[in-house]
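Novice: The file below is work_32.txt, compact mmCIF, C-alpha atoms:
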```txt
# COMPACT_ATOMS: atom_id res chain seq x y z
CA MET A 1 49.73 -85.04 78.19
CA LYS A 2 51.39 -85.89 74.88
CA VAL A 3 55.17 -86.36 74.80
CA VAL A 4 57.34 -86.83 71.71
CA ILE A 5 60.64 -88.60 72.39
CA ILE A 6 63.41 -88.47 69.79
CA GLY A 7 65.80 -91.35 70.37
CA ALA A 8 64.89 -94.93 71.29
CA GLY A 9 68.10 -95.75 73.15
CA GLU A 10 68.26 -96.60 76.85
CA VAL A 11 67.21 -93.14 78.03
CA GLY A 12 64.40 -92.77 75.49
CA PHE A 13 63.19 -96.32 76.13
CA HIS A 14 63.04 -95.96 79.90
CA ILE A 15 61.45 -92.52 79.88
CA ALA A 16 58.82 -93.78 77.44
CA ASN A 17 58.16 -96.77 79.68
CA ARG A 18 57.78 -94.55 82.73
CA LEU A 19 55.43 -92.11 81.01
CA VAL A 20 53.21 -94.83 79.53
CA MET A 21 52.77 -96.33 83.01
CA GLU A 22 51.57 -92.88 84.06
CA ASN A 23 48.94 -92.92 81.30
CA LYS A 24 50.63 -90.36 79.08
CA ASP A 25 50.38 -90.33 75.28
CA VAL A 26 53.90 -91.06 74.01
CA VAL A 27 55.41 -91.07 70.52
CA VAL A 28 58.96 -92.37 69.95
CA ILE A 29 61.02 -91.39 66.89
CA ASP A 30 64.19 -93.19 65.76
CA LYS A 31 65.94 -94.28 62.57
CA ASN A 32 67.16 -97.57 64.02
CA PRO A 33 64.63 -100.35 63.26
CA ASP A 34 66.01 -102.60 66.01
CA ALA A 35 65.62 -99.88 68.63
CA LEU A 36 62.07 -99.16 67.47
CA ARG A 37 61.23 -102.86 67.50
CA ARG A 38 62.40 -103.12 71.10
CA VAL A 39 60.14 -100.20 72.02
CA SER A 40 57.09 -101.52 70.19
CA ASP A 41 57.56 -105.04 71.59
CA ASN A 42 57.68 -103.81 75.20
CA ILE A 43 55.77 -100.52 75.44
CA ASP A 44 52.36 -99.42 74.23
CA VAL A 45 53.47 -96.30 72.34
CA GLN A 46 53.28 -94.95 68.81
CA ILE A 47 56.56 -95.32 66.93
CA VAL A 48 57.73 -93.27 63.95
CA SER A 49 60.68 -94.34 61.82
CA GLY A 50 62.90 -91.50 60.64
CA SER A 51 65.10 -88.63 61.74
CA GLY A 52 63.83 -86.56 64.65
CA SER A 53 65.35 -83.47 63.03
CA SER A 54 63.10 -83.83 59.97
CA PRO A 55 60.07 -81.50 59.89
CA VAL A 56 58.11 -84.13 57.97
CA ILE A 57 58.78 -86.75 60.66
CA LEU A 58 57.98 -84.32 63.48
CA GLU A 59 54.68 -83.44 61.78
CA GLU A 60 53.89 -87.14 61.41
CA ALA A 61 54.62 -87.66 65.11
CA GLY A 62 52.11 -84.96 66.01
CA VAL A 63 54.51 -82.46 67.56
CA LYS A 64 51.93 -79.67 67.17
CA LYS A 65 49.78 -81.40 69.80
CA ALA A 66 52.67 -82.32 72.08
CA GLU A 67 53.22 -80.54 75.35
CA ILE A 68 56.81 -81.77 75.57
CA LEU A 69 59.52 -82.84 73.14
CA LEU A 70 62.54 -84.75 74.48
CA ALA A 71 65.57 -84.96 72.18
CA VAL A 72 67.72 -87.71 73.71
CA THR A 73 69.58 -89.30 70.78
CA ASP A 74 73.31 -90.02 70.99
CA SER A 75 73.99 -87.08 68.65
CA ASP A 76 74.17 -83.60 70.19
CA GLU A 77 73.76 -82.04 66.75
CA ILE A 78 70.57 -83.99 65.99
CA ASN A 79 69.14 -83.07 69.40
CA LEU A 80 69.83 -79.35 68.86
CA THR A 81 68.48 -79.40 65.30
CA ALA A 82 65.37 -81.31 66.34
CA CYS A 83 64.55 -78.66 68.94
CA LEU A 84 65.11 -75.90 66.40
CA VAL A 85 62.82 -77.51 63.81
CA ALA A 86 60.21 -78.39 66.45
CA ASN A 87 60.14 -74.76 67.58
CA ILE A 88 59.35 -73.63 64.05
CA ILE A 89 56.48 -76.10 63.79
CA SER A 90 55.19 -75.83 67.37
CA PRO A 91 56.60 -72.92 69.42
CA SER A 92 54.40 -73.74 72.42
CA THR A 93 55.88 -77.22 72.90
CA LEU A 94 58.38 -77.45 75.76
CA LYS A 95 61.68 -78.71 74.35
CA LEU A 96 64.45 -80.53 76.25
CA ALA A 97 67.77 -81.53 74.65
CA ARG A 98 70.44 -83.88 75.94
CA LEU A 99 73.98 -82.62 75.20
CA ARG A 100 77.06 -84.61 76.16
CA ASP A 101 79.96 -82.78 74.52
CA ALA A 102 81.96 -80.70 77.02
CA ASP A 103 82.42 -78.05 74.31
CA TYR A 104 78.87 -76.91 75.03
CA ASP A 105 79.37 -76.55 78.80
CA ASP A 106 80.06 -72.82 78.79
CA TYR A 107 77.10 -72.16 76.50
CA HIS A 108 74.25 -73.82 78.40
CA ASP A 109 73.03 -70.53 79.86
CA THR A 110 73.41 -68.82 76.49
CA PHE A 111 71.26 -71.47 74.83
CA ARG A 112 68.58 -71.17 77.49
CA ASP A 113 68.55 -67.36 77.47
CA HIS A 114 68.94 -66.67 73.76
CA ALA A 115 67.78 -69.77 71.92
CA PRO A 116 63.97 -69.88 72.13
CA HIS A 117 63.91 -73.32 70.53
CA ILE A 118 65.52 -74.91 73.61
CA ASP A 119 63.90 -74.71 77.04
CA THR A 120 66.24 -77.03 78.93
CA LEU A 121 69.67 -78.56 78.33
CA ILE A 122 70.74 -81.70 80.16
CA ASN A 123 74.28 -83.07 80.24
CA PRO A 124 74.32 -86.63 81.62
CA GLU A 125 78.01 -86.40 82.46
CA ILE A 126 77.51 -83.34 84.63
CA GLU A 127 74.55 -85.01 86.33
CA VAL A 128 76.43 -88.25 87.06
CA VAL A 129 79.37 -86.32 88.56
CA LYS A 130 76.90 -84.60 90.88
CA THR A 131 75.55 -88.04 91.82
CA ILE A 132 79.04 -89.36 92.57
CA ASP A 133 79.83 -86.28 94.67
CA ARG A 134 76.69 -86.82 96.76
CA LEU A 135 77.48 -90.52 97.25
CA MET A 136 81.00 -89.71 98.43
CA SER A 137 79.66 -87.18 100.93
CA VAL A 138 77.22 -89.56 102.68
CA PRO A 139 78.80 -92.63 104.34
CA GLY A 140 77.17 -95.93 103.47
CA ALA A 141 74.62 -94.39 101.12
CA VAL A 142 73.74 -96.04 97.81
CA ASP A 143 71.32 -93.31 96.76
CA VAL A 144 71.36 -89.63 97.73
CA GLY A 145 69.08 -86.81 96.66
CA GLU A 146 68.82 -83.23 97.80
CA PHE A 147 65.91 -80.90 98.37
CA ALA A 148 65.55 -77.34 99.64
CA ASP A 149 68.94 -76.34 98.22
CA GLY A 150 70.64 -79.23 99.98
CA ARG A 151 69.15 -78.62 103.43
CA VAL A 152 67.05 -81.80 103.21
CA LYS A 153 68.62 -85.12 102.21
CA PHE A 154 66.84 -88.11 100.72
CA VAL A 155 69.02 -91.15 101.39
CA GLY A 156 68.95 -94.85 100.57
CA ILE A 157 71.06 -97.30 102.63
CA TYR A 158 71.27 -101.08 102.88
CA LEU A 159 70.69 -102.52 106.34
CA GLU A 160 73.56 -104.79 107.42
CA LYS A 161 72.86 -108.15 109.05
CA ASP A 162 74.56 -107.08 112.30
CA ALA A 163 72.83 -103.67 112.47
CA ARG A 164 71.09 -102.97 115.78
CA LEU A 165 67.79 -102.26 113.99
CA ALA A 166 67.76 -105.56 112.07
CA GLY A 167 64.50 -107.34 112.84
CA VAL A 168 62.96 -104.35 114.64
CA ARG A 169 59.38 -103.28 113.88
CA LEU A 170 58.92 -99.67 112.81
CA SER A 171 56.52 -99.15 115.72
CA GLU A 172 59.39 -100.07 118.07
CA LEU A 173 61.96 -97.66 116.63
CA THR A 174 61.41 -94.86 119.15
CA GLU A 175 61.85 -97.26 122.04
CA ARG A 176 64.92 -98.87 120.50
CA ILE A 177 66.60 -95.62 119.49
CA GLY A 178 65.55 -93.59 122.52
CA ALA A 179 64.75 -90.59 120.32
CA GLN A 180 62.56 -89.49 117.44
CA PRO A 181 63.20 -92.03 114.63
CA PRO A 182 63.98 -90.94 111.07
CA LEU A 183 61.10 -90.66 108.62
CA ILE A 184 61.34 -93.86 106.57
CA LEU A 185 59.58 -93.38 103.24
CA ALA A 186 60.15 -96.74 101.55
CA ILE A 187 61.73 -100.15 101.85
CA ILE A 188 62.86 -102.16 98.83
CA ARG A 189 63.14 -105.87 99.60
CA ASP A 190 63.89 -108.46 96.91
CA GLU A 191 63.23 -105.74 94.29
CA GLU A 192 59.71 -105.14 95.67
CA LEU A 193 58.62 -101.78 97.05
CA ILE A 194 57.15 -101.73 100.56
CA ILE A 195 55.29 -98.69 101.87
CA PRO A 196 56.27 -98.81 105.56
CA ARG A 197 53.64 -99.37 108.24
CA GLY A 198 54.09 -99.72 111.98
CA ASN A 199 54.05 -103.52 111.92
CA ASN A 200 56.72 -103.81 109.18
CA ARG A 201 60.11 -105.08 110.30
CA LEU A 202 63.47 -103.87 109.04
CA LEU A 203 65.36 -106.89 107.72
CA PRO A 204 69.02 -107.36 106.77
CA GLY A 205 69.51 -106.58 103.09
CA ASP A 206 66.63 -104.10 102.96
CA LEU A 207 67.24 -100.93 100.96
CA ILE A 208 65.80 -98.27 103.26
CA TYR A 209 64.95 -94.76 102.06
CA PHE A 210 64.59 -91.95 104.59
CA ILE A 211 64.39 -88.16 104.82
CA SER A 212 66.72 -86.18 107.05
CA GLU A 213 67.69 -82.59 107.67
CA GLU A 214 71.27 -81.97 106.57
CA ASP A 215 72.52 -81.01 110.04
CA LYS A 216 71.03 -84.21 111.50
CA LEU A 217 72.16 -86.57 108.76
CA LEU A 218 75.22 -88.04 110.47
CA ASP A 219 73.17 -88.76 113.61
CA THR A 220 70.49 -90.41 111.50
CA LEU A 221 73.06 -92.54 109.66
CA SER A 222 74.53 -93.68 112.98
CA VAL A 223 71.10 -95.07 113.89
CA PHE A 224 71.61 -97.49 110.99
CA ASP A 225 75.24 -98.10 112.07
CA LYS A 226 76.66 -96.07 109.19
CA HIS A 227 79.55 -93.92 110.39
CA THR A 228 81.46 -91.19 108.65
CA HIS A 229 85.09 -91.44 107.57
CA PRO A 230 87.09 -88.44 106.33
CA LEU A 231 87.42 -88.45 102.54
CA ARG A 232 91.10 -87.81 101.83
CA ARG A 233 92.26 -90.10 99.00
CA VAL A 234 90.37 -91.01 95.81
CA LEU A 235 91.40 -93.23 92.91
CA ILE A 236 89.61 -92.74 89.58
CA ILE A 237 89.95 -95.52 87.01
CA GLY A 238 89.11 -94.15 83.59
CA GLY A 239 90.19 -90.66 82.55
CA GLY A 240 87.52 -89.97 79.95
CA ARG A 241 85.11 -87.06 80.06
CA ILE A 242 83.38 -88.11 83.27
CA GLY A 243 86.66 -88.99 84.99
CA THR A 244 88.12 -85.65 83.96
CA ARG A 245 85.12 -83.71 85.27
CA LEU A 246 85.22 -85.58 88.57
CA ALA A 247 88.97 -85.10 89.02
CA LEU A 248 88.65 -81.34 88.46
CA LEU A 249 85.87 -81.20 91.05
CA LEU A 250 87.98 -83.13 93.58
CA GLU A 251 90.90 -80.79 92.95
CA GLU A 252 88.65 -77.87 93.85
CA LYS A 253 87.87 -79.63 97.13
CA SER A 254 91.58 -80.28 97.80
CA ILE A 255 91.06 -84.07 97.89
CA TYR A 256 94.14 -86.10 96.95
CA THR A 257 93.29 -87.74 93.62
CA LYS A 258 94.92 -90.28 91.33
CA ILE A 259 93.67 -91.13 87.84
CA ILE A 260 94.56 -94.32 85.97
CA GLU A 261 93.99 -94.09 82.22
CA LYS A 262 94.98 -96.67 79.59
CA ARG A 263 95.26 -94.43 76.51
CA PRO A 264 98.62 -92.59 76.32
CA GLU A 265 97.21 -89.67 74.33
CA GLN A 266 94.45 -89.13 76.90
CA CYS A 267 97.03 -89.32 79.70
CA ASN A 268 98.87 -86.41 78.09
CA ILE A 269 95.65 -84.40 77.89
CA LEU A 270 94.89 -85.14 81.53
CA ALA A 271 98.39 -84.21 82.66
CA ASP A 272 98.00 -80.82 80.96
CA ARG A 273 94.59 -80.16 82.52
CA MET A 274 95.24 -81.28 86.09
CA ASN A 275 96.91 -79.04 88.64
CA LYS A 276 97.23 -81.47 91.55
CA ALA A 277 95.81 -84.85 90.53
CA VAL A 278 98.34 -87.59 89.75
CA VAL A 279 97.88 -89.13 86.29
CA LEU A 280 99.04 -92.73 85.81
CA CYS A 281 99.14 -94.32 82.37
CA GLY A 282 98.19 -97.97 82.68
CA ASP A 283 95.48 -100.59 82.98
CA GLY A 284 93.22 -99.90 85.96
CA SER A 285 92.29 -103.58 86.16
CA ASP A 286 95.95 -104.63 86.55
CA GLN A 287 96.30 -106.09 90.03
CA GLY A 288 100.02 -105.34 90.09
CA LEU A 289 99.47 -101.66 89.29
CA LEU A 290 96.73 -101.35 91.91
CA ASN A 291 99.01 -102.95 94.47
CA GLU A 292 101.83 -100.53 93.59
CA GLU A 293 99.46 -97.61 94.12
CA ASN A 294 98.50 -98.87 97.60
CA ILE A 295 94.84 -99.31 96.77
CA GLN A 296 94.14 -100.42 100.34
CA ASP A 297 94.84 -96.83 101.44
CA MET A 298 92.21 -95.36 99.12
CA ASP A 299 89.00 -94.08 100.72
CA VAL A 300 87.10 -94.46 97.44
CA VAL A 301 87.85 -96.18 94.13
CA ILE A 302 85.61 -94.97 91.29
CA THR A 303 85.54 -96.97 88.06
CA LEU A 304 84.54 -94.80 85.09
CA THR A 305 85.87 -96.50 81.96
CA SER A 306 83.72 -96.77 78.85
CA ASP A 307 83.41 -100.55 79.36
CA GLU A 308 80.97 -101.41 82.12
CA GLU A 309 82.15 -105.01 82.45
CA THR A 310 85.65 -103.66 83.14
CA ASN A 311 84.18 -101.27 85.69
CA ILE A 312 82.37 -104.09 87.48
CA LEU A 313 85.35 -106.43 87.58
CA THR A 314 87.76 -103.67 88.60
CA SER A 315 85.49 -102.57 91.45
CA LEU A 316 85.28 -106.16 92.69
CA LEU A 317 89.07 -106.44 92.48
CA ALA A 318 89.52 -103.15 94.34
CA LYS A 319 87.23 -104.31 97.15
CA ARG A 320 89.09 -107.62 97.37
CA MET A 321 92.38 -105.73 97.64
CA GLY A 322 91.16 -103.62 100.55
CA ALA A 323 89.69 -100.42 99.08
CA HIS A 324 87.34 -98.92 101.66
CA LYS A 325 84.60 -98.10 99.18
CA THR A 326 83.88 -98.38 95.46
CA ILE A 327 81.55 -96.52 93.10
CA THR A 328 80.88 -98.23 89.77
CA LYS A 329 79.56 -96.68 86.54
CA ILE A 330 77.29 -98.92 84.48
CA ASP A 331 75.02 -98.22 81.54
CA LYS A 332 72.80 -101.28 81.18
CA PHE A 333 69.78 -100.92 83.43
CA SER A 334 69.40 -104.69 83.43
CA TYR A 335 72.62 -104.93 85.45
CA PHE A 336 71.29 -102.90 88.39
CA PRO A 337 69.52 -105.78 90.21
CA LEU A 338 72.70 -107.88 89.97
CA MET A 339 75.02 -105.36 91.58
CA THR A 340 73.98 -105.88 95.19
CA ALA A 341 74.13 -109.65 94.78
CA ILE A 342 77.79 -109.46 93.77
CA GLY A 343 78.68 -106.94 96.47
CA LEU A 344 78.62 -103.63 94.56
CA GLU A 345 76.10 -101.39 96.26
CA GLN A 346 77.19 -97.95 95.06
CA VAL A 347 76.41 -97.80 91.36
CA VAL A 348 75.90 -94.77 89.12
CA SER A 349 74.58 -94.37 85.60
CA PRO A 350 74.71 -91.25 83.40
CA ARG A 351 71.48 -92.44 81.82
CA LEU A 352 69.65 -92.78 85.13
CA SER A 353 70.96 -89.38 86.24
CA SER A 354 69.61 -87.94 82.98
CA ILE A 355 66.22 -89.55 83.52
CA ASN A 356 65.90 -88.06 87.01
CA THR A 357 66.77 -84.62 85.67
CA ILE A 358 64.35 -84.94 82.75
CA LEU A 359 61.52 -86.03 85.04
CA GLN A 360 61.67 -82.87 87.09
CA HIS A 361 61.17 -80.83 83.93
CA ILE A 362 58.22 -82.79 82.59
CA ARG A 363 56.18 -83.04 85.77
CA ARG A 364 53.10 -80.86 85.72
CA GLY A 365 52.92 -77.99 88.17
CA LYS A 366 55.71 -76.15 89.98
CA VAL A 367 57.92 -79.19 90.53
CA LEU A 368 61.48 -78.17 91.41
CA SER A 369 63.05 -81.63 91.38
CA ALA A 370 62.17 -85.31 91.06
CA ILE A 371 64.21 -88.34 92.10
CA SER A 372 63.48 -91.97 91.22
CA LEU A 373 64.10 -94.74 93.71
CA LYS A 374 66.27 -97.62 92.55
CA GLY A 375 64.06 -99.91 90.51
CA GLU A 376 62.02 -96.86 89.43
CA GLN A 377 59.01 -97.99 91.45
CA ALA A 378 58.47 -94.61 93.09
CA GLU A 379 59.52 -90.96 93.06
CA VAL A 380 60.18 -88.19 95.50
CA MET A 381 59.28 -84.70 94.27
CA GLU A 382 59.87 -81.21 95.61
CA ALA A 383 57.34 -78.57 94.63
CA ILE A 384 55.94 -75.19 95.63
CA ALA A 385 52.51 -74.74 97.24
CA LEU A 386 50.47 -72.05 95.52
CA GLU A 387 48.08 -69.74 97.28
CA THR A 388 45.10 -71.05 95.29
CA SER A 389 45.57 -74.60 96.51
CA ASP A 390 42.98 -76.32 98.68
CA ILE A 391 45.85 -77.85 100.63
CA VAL A 392 47.02 -74.46 101.85
CA GLY A 393 45.74 -73.32 105.23
CA THR A 394 44.17 -76.67 106.18
CA PRO A 395 45.55 -79.15 108.76
CA LEU A 396 46.92 -82.18 106.94
CA ARG A 397 44.69 -84.60 108.84
CA LYS A 398 41.69 -83.04 107.06
CA ILE A 399 43.15 -83.47 103.58
CA ALA A 400 42.52 -86.62 101.53
CA PHE A 401 45.86 -87.46 99.96
CA PRO A 402 46.14 -90.12 97.22
CA LYS A 403 46.80 -93.66 98.37
CA ASP A 404 50.45 -94.69 98.17
CA ALA A 405 51.55 -91.06 98.34
CA LEU A 406 52.94 -89.24 101.36
CA LEU A 407 53.72 -85.65 102.23
CA ALA A 408 57.23 -86.13 103.59
CA GLY A 409 58.36 -82.60 104.36
CA ILE A 410 57.46 -78.93 104.44
CA ILE A 411 60.02 -76.15 104.08
CA HIS A 412 58.52 -72.94 105.44
CA LYS A 413 60.92 -70.06 104.79
CA GLU A 414 64.09 -71.28 106.51
CA LYS A 415 62.35 -73.81 108.73
CA ILE A 416 62.20 -77.51 107.85
CA ILE A 417 59.12 -79.33 109.15
CA ILE A 418 58.55 -83.08 109.27
CA PRO A 419 54.75 -82.94 108.92
CA SER A 420 52.18 -84.26 111.36
CA GLY A 421 48.40 -84.27 111.16
CA ASP A 422 48.31 -80.79 112.68
CA SER A 423 50.78 -79.28 110.21
CA VAL A 424 49.45 -76.50 107.99
CA ILE A 425 50.97 -75.61 104.61
CA GLU A 426 51.37 -71.93 103.80
CA PRO A 427 51.52 -70.35 100.32
CA GLU A 428 54.98 -70.60 98.72
CA ASP A 429 56.06 -73.36 101.09
CA ARG A 430 58.19 -76.03 99.49
CA ILE A 431 56.65 -79.47 99.77
CA ILE A 432 58.35 -82.86 99.48
CA ILE A 433 56.08 -85.66 98.24
CA PHE A 434 56.77 -89.39 98.01
CA ALA A 435 54.60 -91.26 95.51
CA THR A 436 54.59 -94.75 94.04
CA ARG A 437 54.54 -95.10 90.29
CA LYS A 438 50.81 -95.87 90.39
CA ALA A 439 50.08 -92.77 92.46
CA ILE A 440 52.04 -90.34 90.26
CA PRO A 441 49.19 -89.72 87.74
CA LYS A 442 46.87 -88.82 90.63
CA ILE A 443 49.49 -86.53 92.13
CA GLU A 444 49.99 -84.84 88.76
CA LYS A 445 46.26 -84.41 88.33
CA ILE A 446 46.11 -82.77 91.72
CA LEU A 447 49.08 -80.57 90.93
CA ALA A 448 47.94 -79.44 87.52
CA VAL A 449 44.15 -79.30 87.71
CA LYS A 450 42.34 -79.78 90.96
CA LEU A 451 44.46 -78.08 93.59
CA GLU A 452 47.04 -76.24 91.50
CA TYR A 453 49.39 -76.10 94.48
CA PHE A 454 52.54 -77.07 92.67
```
Spell out the structure here as structure tokens.

Specialist:
Amino acid sequence: MKVVIIGAGEVGFHIANRLVMENKDVVVIDKNPDALRRVSDNIDVQIVSGSGSSPVILEEAGVKKAEILLAVTDSDEINLTACLVANIISPSTLKLARLRDADYDDYHDTFRDHAPHIDTLINPEIEVVKTIDRLMSVPGAVDVGEFADGRVKFVGIYLEKDARLAGVRLSELTERIGAQPPLILAIIRDEELIIPRGNNRLLPGDLIYFISEEDKLLDTLSVFDKHTHPLRRVLIIGGGRIGTRLALLLEEKSIYTKIIEKRPEQCNILADRMNKAVVLCGDGSDQGLLNEENIQDMDVVITLTSDEETNILTSLLAKRMGAHKTITKIDKFSYFPLMTAIGLEQVVSPRLSSINTILQHIRRGKVLSAISLKGEQAEVMEAIALETSDIVGTPLRKIAFPKDALLAGIIHKEKIIIPSGDSVIEPEDRIIIFATRKAIPKIEKILAVKLEYF
């Protein structure tokens, strides 16, 4: 598979890195020599210097032979123009554009339905608000994904040192819990991915990923000593585009919301747009202001300013002042490993949300969604089993699945099945697959060529 990426920023860089590790042919286009140098110094890809909206540059990048073009520059106009020009040169190439301006929100469907030069539009701000909403809905979770229209949850939680399962082997879970244990897909310990086996122990500080049916999620979380608390009061620090989108969503859910925004002109805009949310004009990192607003009574404090260092420091201050929970927006991927060490477990990134959304569209086969684990060492994918697949109609114990990949769930009509060796996949079943980064090329080969069941 050949992929042309326009834009060598954080999103373009990390998608290129992921795809190269999966043995894909990648070309990166950008006008910024420093950005291109960073790519060429760290990733084995072809780089092309120039504008991604130029037909000459697209020809030079080999867009005619590309299966996918990703336009992920910081300019919405360049991304749209690049897709238009690419469609003229190579109509068969799948084209994805990242758009961030809210002015385009009401036109996404129109673009998809009536603009043949754009196959998919992705707004990172919309995606990150969805991520925040999921994190708020699952107590103690630092990562939440949804499959089967929300009926299956994929959740990551940190194990506390005083948790009852700390030090317990996976083979002992049934005895310790007294019931069927949750399906644990992965453990991340000291930034290393562990594929769980029966003799592995759960240790304090582990980031544990598991699958659960939605109606059983709270029971599953209680196994890890994570208990639900009603979400009634939310404080948003930063009333920019993401903060505005989130506040409007919370208003729809009738959740009491306050927004602190530093810029007076933006405060006026927010006051006009909000129906119920309280808008405060001030510095969200001001301890006196936070104290006046009774931050200790807030169920969640969400820091969404444009300065990630401010977000980090404000979240730490909010926790110190008694906020029950914080969610912090950061942009630099290099900061992610540091967050847990300083006590900030719930972190979101518009760029990472964009990457997850892009991945589901570039996976071969009938992949409905794809979610990266923190650290990007593995993925969980939801796909559809096709009638022509060798995996259909055969007990799973007789099927050779790639190493470091696991069939984690089967959704048959309205029934959710945690698979066993005797489980049989039927045509049109939805399938949830966990795969390490190394196993993804094998999974894709199976999906696209050999079995054709996705």

Novice: With all atoms listed in the file as the atoms that count, which of A:Ile416, A:Ile432, A:Ala163, A:Leu183 lies nearest to Gly145 in chain A?

Specialist: A:Ile432

Novice: Counting all atoms listed in the file, figure out which residue out of A:Ile188, A:Met136, A:Ala71, A:Leu173 gets nearest to Val223 in chain A.

Specialist: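 Closest candidate: A:Leu173.
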
Novice: In Å, with one decimal, what is the gap from CA of Ala82 in chain A to CA of Lys65 in chain A?

Specialist: 16.0 Å

Novice: Excluding range 433-440 of chain A and its own-chain neighbours fewer than 2 positions away, which residues fall within 7 Å of it when counting only C-alpha atoms? Please give them as a PDB file with C-alpha atoms, in the frame of the given file.

Specialist:
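Writing done, so here's result_13.pdb:
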```
ATOM      1  CA  GLU A  22      51.570 -92.880  84.060  1.00  0.00           C
ATOM      2  CA  GLN A 377      59.010 -97.990  91.450  1.00  0.00           C
ATOM      3  CA  ALA A 378      58.470 -94.610  93.090  1.00  0.00           C
ATOM      4  CA  GLU A 379      59.520 -90.960  93.060  1.00  0.00           C
ATOM      5  CA  VAL A 380      60.180 -88.190  95.500  1.00  0.00           C
ATOM      6  CA  MET A 381      59.280 -84.700  94.270  1.00  0.00           C
ATOM      7  CA  GLU A 382      59.870 -81.210  95.610  1.00  0.00           C
ATOM      8  CA  PRO A 402      46.140 -90.120  97.220  1.00  0.00           C
ATOM      9  CA  LYS A 403      46.800 -93.660  98.370  1.00  0.00           C
ATOM     10  CA  ASP A 404      50.450 -94.690  98.170  1.00  0.00           C
ATOM     11  CA  ALA A 405      51.550 -91.060  98.340  1.00  0.00           C
ATOM     12  CA  LEU A 406      52.940 -89.240 101.360  1.00  0.00           C
ATOM     13  CA  LEU A 407      53.720 -85.650 102.230  1.00  0.00           C
ATOM     14  CA  ALA A 408      57.230 -86.130 103.590  1.00  0.00           C
ATOM     15  CA  ILE A 431      56.650 -79.470  99.770  1.00  0.00           C
ATOM     16  CA  LYS A 442      46.870 -88.820  90.630  1.00  0.00           C
ATOM     17  CA  ILE A 443      49.490 -86.530  92.130  1.00  0.00           C
ATOM     18  CA  GLU A 444      49.990 -84.840  88.760  1.00  0.00           C
TER      19      GLU A 444
END
```

Novice: In Å, rounded to a single decimal, give me how far CA of Asp299 in chain A is from CA of Val129 in chain A.

Specialist: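 That distance, rounded to one decimal, is 17.3 Å.
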
Novice: Would you please work out which residue, of A:Leu338, A:Ala61, A:Ala148, A:Ala66, is nearest to Glu414 in chain A when using all atoms listed in the file?

Specialist: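 With all atoms listed in the file as the atom set, the closest residue is A:Ala148.
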
Novice: Nearest residue to Thr314 in chain A out of A:Ile399, A:Gly243, A:Ile236, A:Lys258, using only C-alpha atoms?

Specialist: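 Of the candidates, the smallest distance to Thr314 in chain A is held by A:Ile236.
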
Novice: Using all atoms listed in the file, pick whichever of A:Val45, A:Ala318, A:Ile358, A:Ile29 has the shortest atom-to-atom distance to Gln296 in chain A.

Specialist: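 The closest residue to Gln296 in chain A is A:Ala318.
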
Novice: I'd like the neighbourhood of Leu185 in chain A as a compact mmCIF listing (two decimals) with C-alpha atoms, keeping the file's coordinate frame, where a residue qualifies if any of its atoms comes within 8 Å (using all atoms listed in the file), though same-chain residues fewer than 6 positions away should be ignored.

Specialist:
```txt
# COMPACT_ATOMS: atom_id res chain seq x y z
CA ILE A 195 55.29 -98.69 101.87
CA PRO A 196 56.27 -98.81 105.56
CA ILE A 208 65.80 -98.27 103.26
CA TYR A 209 64.95 -94.76 102.06
CA PHE A 210 64.59 -91.95 104.59
CA ILE A 211 64.39 -88.16 104.82
CA ALA A 408 57.23 -86.13 103.59
CA PHE A 434 56.77 -89.39 98.01
```

Novice: Can you pull out every residue within 12 Å of Thr305 in chain A, counting only C-alpha atoms, but drop anything in the same chain fewer than 3 positions away, and send it as an mmCIF file with C-alpha atoms, in the coordinates of the input?

Specialist:
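What ended up in selection.cif:
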```
data_model
loop_
_atom_site.group_PDB
_atom_site.id
_atom_site.type_symbol
_atom_site.label_atom_id
_atom_site.label_comp_id
_atom_site.auth_asym_id
_atom_site.auth_seq_id
_atom_site.Cartn_x
_atom_site.Cartn_y
_atom_site.Cartn_z
ATOM 1 C CA ILE A 236 89.610 -92.740 89.580
ATOM 2 C CA ILE A 237 89.950 -95.520 87.010
ATOM 3 C CA GLY A 238 89.110 -94.150 83.590
ATOM 4 C CA GLY A 239 90.190 -90.660 82.550
ATOM 5 C CA GLY A 240 87.520 -89.970 79.950
ATOM 6 C CA ARG A 241 85.110 -87.060 80.060
ATOM 7 C CA ILE A 242 83.380 -88.110 83.270
ATOM 8 C CA GLY A 243 86.660 -88.990 84.990
ATOM 9 C CA THR A 244 88.120 -85.650 83.960
ATOM 10 C CA ILE A 259 93.670 -91.130 87.840
ATOM 11 C CA ILE A 260 94.560 -94.320 85.970
ATOM 12 C CA GLU A 261 93.990 -94.090 82.220
ATOM 13 C CA LYS A 262 94.980 -96.670 79.590
ATOM 14 C CA ARG A 263 95.260 -94.430 76.510
ATOM 15 C CA ASP A 283 95.480 -100.590 82.980
ATOM 16 C CA GLY A 284 93.220 -99.900 85.960
ATOM 17 C CA SER A 285 92.290 -103.580 86.160
ATOM 18 C CA ILE A 302 85.610 -94.970 91.290
ATOM 19 C CA GLU A 308 80.970 -101.410 82.120
ATOM 20 C CA GLU A 309 82.150 -105.010 82.450
ATOM 21 C CA THR A 310 85.650 -103.660 83.140
ATOM 22 C CA ASN A 311 84.180 -101.270 85.690
ATOM 23 C CA ILE A 312 82.370 -104.090 87.480
ATOM 24 C CA LEU A 313 85.350 -106.430 87.580
ATOM 25 C CA THR A 314 87.760 -103.670 88.600
ATOM 26 C CA SER A 315 85.490 -102.570 91.450
ATOM 27 C CA ILE A 327 81.550 -96.520 93.100
ATOM 28 C CA THR A 328 80.880 -98.230 89.770
ATOM 29 C CA LYS A 329 79.560 -96.680 86.540
ATOM 30 C CA ILE A 330 77.290 -98.920 84.480
ATOM 31 C CA ASP A 331 75.020 -98.220 81.540
#
```
